[in-house]
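Read through the structure below, which is laid out as structure tokens, and then see the notes.
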Amino acid sequence: MQHRVIVLGAGYTGAAAAGRLARRLHREEVALTLVNTGPDFVERVRMHQLAAGQDLVPRPFGEMFAGTGVELKLAKVTGVDVARRTVTVIPTDIPTDTGTGTGMNGTGPDLTEETEELEYDTLVYALGSEWDPQGVPGTAEHAHEIAGRPGALRLRERLAALEAGQPVVVVGGGLTGLEAATEIAEARPDLGVALAARGALGDWLSPRGRRHVRKVFGRLGITVHEHTTVTGVEADRVTTAGGTPLPAAVTVWTTGFAVNPIARATALEVIGTGRIVVDGTMRSVSHPDVYAIGDAALVEGPGGKPLRMSCATGTPTAWQAADAIAARLTGRKVPTASFRYFNQCVSLGRSDGLIQYVTADDRSIGAALTGRTAALYKELICKGAAWGVAHPTLGLPARRHHVVQEGTGADPAARTTA
């Protein structure tokens, strides 16, 4: 009987884990199912480009996983029962209604297909994260987000409809906020683009990095509202804690991400934010037949500091989980990896960028790469991330091994190597 492995979510982490498992195990011994709402891989790190009007290269999973044995299940996950080892889904491949959902950030067509239940022996939870309105009044109704393709396309349409001179406010001074503001300002120099940040602009960067960001913002004509907390969003403005309203024909909300809430509704051990607690091999500490990767997992980095939600974090966790699962199933040594950071890559439009070098635990150091060279570097990173999803063994031996164990749970025979 085939060992059933289900991977939930086909972002950078889920797709990489599925592909890596397919290249580690014999397909006649393992049934590998990848569950995702859409048929194409979405380059999440490029959503600001999509929103600004650029067209992205399509990356259909059908081509990506052709001949690998990975079965793509187009469905929305609605629940996980870790006691019964089942996943509840609603198919999305045949929508029966053309409605667009409710509110600014409705989820799209209403689906009336009957719920399905999928059984697993090993589950890889990679549902990732979504935008976080943080309970700020009016955000869900009036703000736009670029955490995924639907939101980016809605923002793209709205920006295209704006007349010259209309104001756009990007809320959030993190990486996403910097990229969104500069991309929009470069694509639409006729708009009045502003950014509202809780702290100083780029306050986590090195002095060299901060100077360069200010230079680019000045060149692009972006107004910066530093030390500004947004307390409400309306159709034509945002309100601030200081009482000063900022006019906004469009508000873009980029203040952070929240994990998918499904894990919190299960018996899995999670922290308050809903991230799943895992060991060094990405296996749930409460349910050994479940692995969590990417934004959904609480991964310990250097000094015991949790790793941030990012592609730089997610891809290595996907490799670790896939290799650990394959090792446990085939009775081989279970590898463990150490996680660390090297740099933060920020695009500042199409022709400028910033590569901020950091310590292992993600603290900025003095060294930074700027300008067009940094933009080219960031582009190579983005292309490399997408290439890595389609080539998850990344030059490593792709030899497949036979399954010799029934499950991936705790097994004294499975040895762990550091």
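Labeling convention for the structure tokens: chains A, B, ... as they appear, residues from 1 per chain, ligands from 1 in order of appearance.
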Distance query Ala292 of chain A at most 7 Å, only C-alpha atoms, self and fewer than 3 positions along chain excluded, as a PyMOL selection string: chain A and resi 124-126+276+278+282-284+296-297
Convert the current residue selection to file output with C-alpha atoms, as a PDB file, in the first residue's frame.
```pdb
ATOM      1  CA  VAL A 124       3.199  18.788   5.177  1.00  0.00           C
ATOM      2  CA  TYR A 125       1.487  21.979   6.304  1.00  0.00           C
ATOM      3  CA  ALA A 126       2.586  24.883   4.097  1.00  0.00           C
ATOM      4  CA  ILE A 276       3.050  25.495  14.508  1.00  0.00           C
ATOM      5  CA  VAL A 278       8.285  22.205  15.264  1.00  0.00           C
ATOM      6  CA  MET A 282      10.302  20.685  10.870  1.00  0.00           C
ATOM      7  CA  ARG A 283       8.184  17.971  12.513  1.00  0.00           C
ATOM      8  CA  SER A 284       5.359  19.016  14.824  1.00  0.00           C
ATOM      9  CA  ALA A 296       3.300  28.487   9.156  1.00  0.00           C
ATOM     10  CA  ALA A 297       6.137  27.096  11.295  1.00  0.00           C
TER      11      ALA A 297
END
```
Picked from segment 301-370 of chain A by DSSP as strand (DSSP E), as a PyMOL selection string: chain A and resi 334-335+343-347+353-358+364-370
Which of A:Leu155, A:Ala267, A:Leu25, A:Ala17 sits closest to His48 of chain A [using only C-alpha atoms]: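 Result for the nearest residue to His48 of chain A: A:Leu155.
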Using 6 Å as the limit and counting only C-alpha atoms, can you tabulate each residue of segment 242-314 of chain A that touches segment 157-177 of chain A, with its shortest atom-to-atom distance in Å and the two atoms involved, as CSV?
```
residue,atom,partner,partner_atom,distance
A:Ala248,CA,A:Pro167,CA,5.0
A:Ala249,CA,A:Pro167,CA,5.4
A:Val250,CA,A:Val168,CA,4.9
A:Thr251,CA,A:Val169,CA,4.9
A:Val252,CA,A:Val170,CA,4.6
A:Trp253,CA,A:Val171,CA,5.0
A:Thr254,CA,A:Gly172,CA,5.0
A:Thr255,CA,A:Gly172,CA,4.4
```
Pick from A:Gly67, A:Gly218, A:Gly371, A:Pro288 nearest to Val82 of chain A, counting only C-alpha atoms: A:Pro288
Among the residues A:Val80, A:Met309, A:Val193, A:Val57, the one that comes closest to Ala265 of chain A [using only C-alpha atoms]: A:Val80
Spatial neighbours of His142 of chain A, 6 Å, only C-alpha atoms, chain gap at least 3 places, as a PyMOL selection string: chain A and resi 138-139+235
Could you take the residues named above and write them with N, CA and C atoms, as a CSV table (one decimal), in the first residue's frame?
```
chain,number,residue,atom,x,y,z
A,138,GLY,N,-11.8,50.0,9.2
A,138,GLY,CA,-11.9,50.4,7.8
A,138,GLY,C,-10.9,49.7,6.9
A,139,THR,N,-9.9,49.0,7.5
A,139,THR,CA,-8.8,48.4,6.6
A,139,THR,C,-9.4,47.4,5.7
A,235,ALA,N,-12.6,55.6,2.7
A,235,ALA,CA,-12.5,55.5,1.2
A,235,ALA,C,-11.6,56.5,0.6
```
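The smallest atom-to-atom distance between Gln134 of chain A and any of A:Ala75, A:Leu21, A:Ala258, A:Ala187, using only C-alpha atoms, is found for A:Ala258.
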Coordinates-based distance that separates atom CA of Val389 of chain A from atom CA of Glu28 of chain A (Å, one decimal):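 Rounded to one decimal, the two atoms are 22.8 Å apart.
Interatomic distance, atom CA of Ala15 of chain A against atom CA of Glu300 of chain A: 22.2 Å.
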Nearby residues (only C-alpha atoms) at most 9 Å from Thr281 of chain A, same-chain spacing under 6 positions excluded, as a ChimeraX atom specification: /A:291,317,320-321,323-325,334-337
Which residue of A:Ala185, A:Leu50, A:Ala22, A:Val259 approaches Asp132 of chain A most closely, using only C-alpha atoms: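 That would be A:Val259, the residue with the smallest distance to Asp132 of chain A.
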